[in-house]
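Take a look at the structure below.
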Amino acid sequence: MGPRLRSFPWRQTRDPWVILVAEVLLQQTQAQRVADRFDEILELFGTPEAVVALGQAGVVERWSGFGYNSRAVRLFRCAQTVVAVHGGVVPHRRDDLLALPGIGPYTAAAIRAFAFEEDVAVYDTNVARVIARAALGAPVAAGAGWATAQQMVPNERGWHYNQAVLDFGATICTARRPACERCPISRRCAYARAGFSGDDPARTTAGTARRQGTFRGSRREARGAIVEVLRQGPRTRQELQEATGMHAHFDAALDGLIADGLVTSSTERLALSN
DNA sequence: TTCCAGTTCT
DNA sequence: AGAACGGGAA
C-alpha cells in the first residue's frame with residue numbers, strides 16, 4: 001500500500017453543507033490554515049440556518065484571518081438561497097450548485113465528488129499541474145485539462161481518487177520544488193520521460209495560479225485593513241482612516257467595499273453591511 | 001517573491 | 001482573456 005490520505009476534518013464527513021463550507025474556505029487558501037480552525041468553523045457555520053442566523057455582518061466578522069472577504073458575503077447569500085430555494089438541503093445537480101453564490105466549477109465538482117460521492121473530476125490548481133506534467137507533458141487549456149481529468153476518474157472510486165490527486169499535487173508534484181525523487185509515478189510521468197526538457201508544462205497551464213501584483217501598499221491591503229477594523233464595530237470615516245493607517249488607497253478601497261456590499265455608509269458611520 | 005483545494009466582473 | 005480580490009507561509 002502507498003501512503004494514506006492526509007488527515008483533514010472535512011474528509012471525515014459527507015455532510016454536503018459542511019463540505020460546501022470547507023470548499024469555499026479552501027478557495028485560494030492553504031488547506032492547513034482551514035484545518036487549524038475547523039472546530040470553530042463547524043460551530044459557527046455548521047448549518048445553513050446557522051449562517052443565515054448570524055447575518056451577513058456576523059459572518060464577515062467571523063471571517064477574520066481567512067482573506068477574500070467577499071467569500072463571506074457569498075457564503076451568507078449561499079446559505080440564504082439553500083434555505084429559501086432548496087429547503088435547507090444542498091442540491092446535487094451541477095447547474096443548481098453553479099447557481100449558488102460563490103460556487104464555481106471547482107467547488108460544484110468538489111461538492112458532488114466529496115459529499116455525494118459522484119465520479120466527477122475535481123479540477124483545481126493541484127490537479128491542473130498534475131495533468132499538465134504527468135499525464136500530458138504539455139500545457140493544457142482549462143477545458144481540455146478538465147476532460148482529461150474526467151477520463152482518469154475510476155468508476156465507483158471518485159471520492160478517494162480525487163482526494164489522492166489533490167494530495168499528490170500538494171505534497172509531491174508541487175508548484176515550486178516537485179519531489180520527483182520520491183514520486184511514485186515518475187516512471188510514467190510524461191514530463192519526466194521527456195527528460196524535463198523545455199519549460200515546466202504546469203507553468204503556462206490554465207487553472208494553475210496566476211501571478212498577482214504586490215500586496216504591500218496595494219488597494220487590496222487597504223480593503224483588508226478597513227474590514228478588519230470594522231469587525232470591532234462601526235467607525236467614523238476619520239476613525240477608520242486613522243485606525244487602518246492606510247492613506248494611499250483609503251478612499252478607493254472604501255468605495256470598492258461599499259460597491260461590493262461589504263460595507264454600509266450611514267450619515268455618521270461606516271459599518272459592516274447587514 | 002511565489003503560491004495557495006477559485007469566483008466574479010469587465 | 002485579464003484584472004480584482006487577503007493575507008499567511010515557504
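Convention: chains lettered A, B, ... in C-alpha cells order; per-chain residue numbering from 1; ligands numbered from 1 as shown.
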Report task. Enumerate as a list in words the residues belonging to chain C that approach chain A to within 9 Å, with only C-alpha atoms (C1' of nucleotides) taken into account. Result ->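 Putting it all together, I get DA4, DC5, DG6, DG7 and DG8 of chain C.
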Since we have the selection now, will you write its residues out, keeping C-alpha atoms (C1' of nucleotides), as a PDB file, in the first residue's frame?
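Output below, filename again_13.pdb:
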```pdb
ATOM      1  C1'  DA C   4      -9.585  42.259  -8.889  1.00  0.00           C
ATOM      2  C1'  DC C   5      -9.857  40.095  -4.713  1.00  0.00           C
ATOM      3  C1'  DG C   6      -6.494  38.691   1.588  1.00  0.00           C
ATOM      4  C1'  DG C   7      -3.224  37.560   3.954  1.00  0.00           C
ATOM      5  C1'  DG C   8      -0.127  33.971   5.542  1.00  0.00           C
TER       6       DG C   8
END
```
Report task. Can you pull out every residue within 8 Å of Asn162 of chain A, counting only C-alpha atoms (C1' of nucleotides), but drop anything in the same chain fewer than 3 positions away, and send it as a list in words? Result ->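 The contact residues come out as Ala113, Ala121, Val122, Val153, Gly158, Trp159, Val165 and Leu166 of chain A.
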Report task. Select residues of chain A: the criterion is any atom within 8 Å of an atom of chain B, counting only C-alpha atoms (C1' of nucleotides); output as a PyMOL selection string. Result -> chain A and resi 23+26-31+102-104+106+124-126+166+175+209+211
Query raised in the report: Distance atom CA of Phe196 of chain A-atom CA of Leu5 of chain A, one decimal place?
Result: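 Computing the Euclidean distance for atom CA of Phe196 of chain A and atom CA of Leu5 of chain A yields 27.6 Å.
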Query raised in the report: What does the distance from atom CA of Pro3 of chain A to atom CA of Ala206 of chain A come to in Å, to one decimal?
Result: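 Those two atoms sit 28.8 Å apart.
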Requested in this report: Extract, using only C-alpha atoms (C1' of nucleotides), all DNA, RNA and protein residues at most 7 Å from segment 248-263 of chain A, discarding same-chain residues fewer than 4 positions from it, and format them as a VMD selection string.
Outcome: chain A and resid 219 222 to 223 270 to 273
Query - Selection near segment 145-148 of chain A, 8 Å with only C-alpha atoms (C1' of nucleotides), sequence-local residues under 4 positions removed, as a list in words - result: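 In the requested format, the answer is Ala121, Tyr123, Ala128, Ile131, Ala132, Val140, Ala141 and Met152 of chain A.
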Hey, can you spit out that residue selection with C-alpha atoms as a compact mmCIF listing (two decimals), in the first residue's frame?
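The file below, selection14.txt, is the result:
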```
# COMPACT_ATOMS: atom_id res chain seq x y z
CA ALA A 121 -13.32 15.05 -11.70
CA TYR A 123 -10.08 20.17 -11.16
CA ALA A 128 -4.19 21.04 -13.38
CA ILE A 131 -2.43 16.70 -15.63
CA ALA A 132 -0.06 19.07 -17.41
CA VAL A 140 -3.36 22.48 -21.21
CA ALA A 141 -6.30 24.79 -21.61
CA MET A 152 -8.94 9.34 -15.33
```
Query raised in the report: How many Å lie between atom CA of Glu118 of chain A and atom CA of Pro139 of chain A, rounded to one decimal?
Result: 27.4 Å
Query raised in the report: In terms of the shortest atom-to-atom distance over only C-alpha atoms, which of A:Gln241, A:Ala50, A:Trp17, A:Pro9 is closest to Phe38 of chain A?
Result: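 Answer, going by the shortest atom-to-atom distance: A:Pro9.
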Query raised in the report: Hey, what's within 12 Å of Ala115 of chain A if we count only C-alpha atoms (C1' of nucleotides) and toss same-chain stuff fewer than 2 positions away? As an MDAnalysis selection string, please?
Result: chainID A and resid 10:23 90:92 107:113 117:120 158:160 163
Query raised in the report: Near Ile185 of chain A, counting only C-alpha atoms (C1' of nucleotides), which residues have an atom at most 12 Å away, once you skip same-chain residues fewer than 6 positions from it, shown as a PyMOL selection string?
Result: chain A and resi 2+130+133-135+165+168+172-173+179+191-193
Requested in this report: Write out as a list in words each polymer residue whose atoms come within 12 Å of Val85 of chain A, counting only C-alpha atoms (C1' of nucleotides); drop sequence neighbours fewer than 4 positions from it.
Outcome: Pro48, Arg77, Cys78, Ala79, Gln80, Thr81, Val89, Val90, Pro91, Asp96, Leu97, Ala99 and Leu100 of chain A
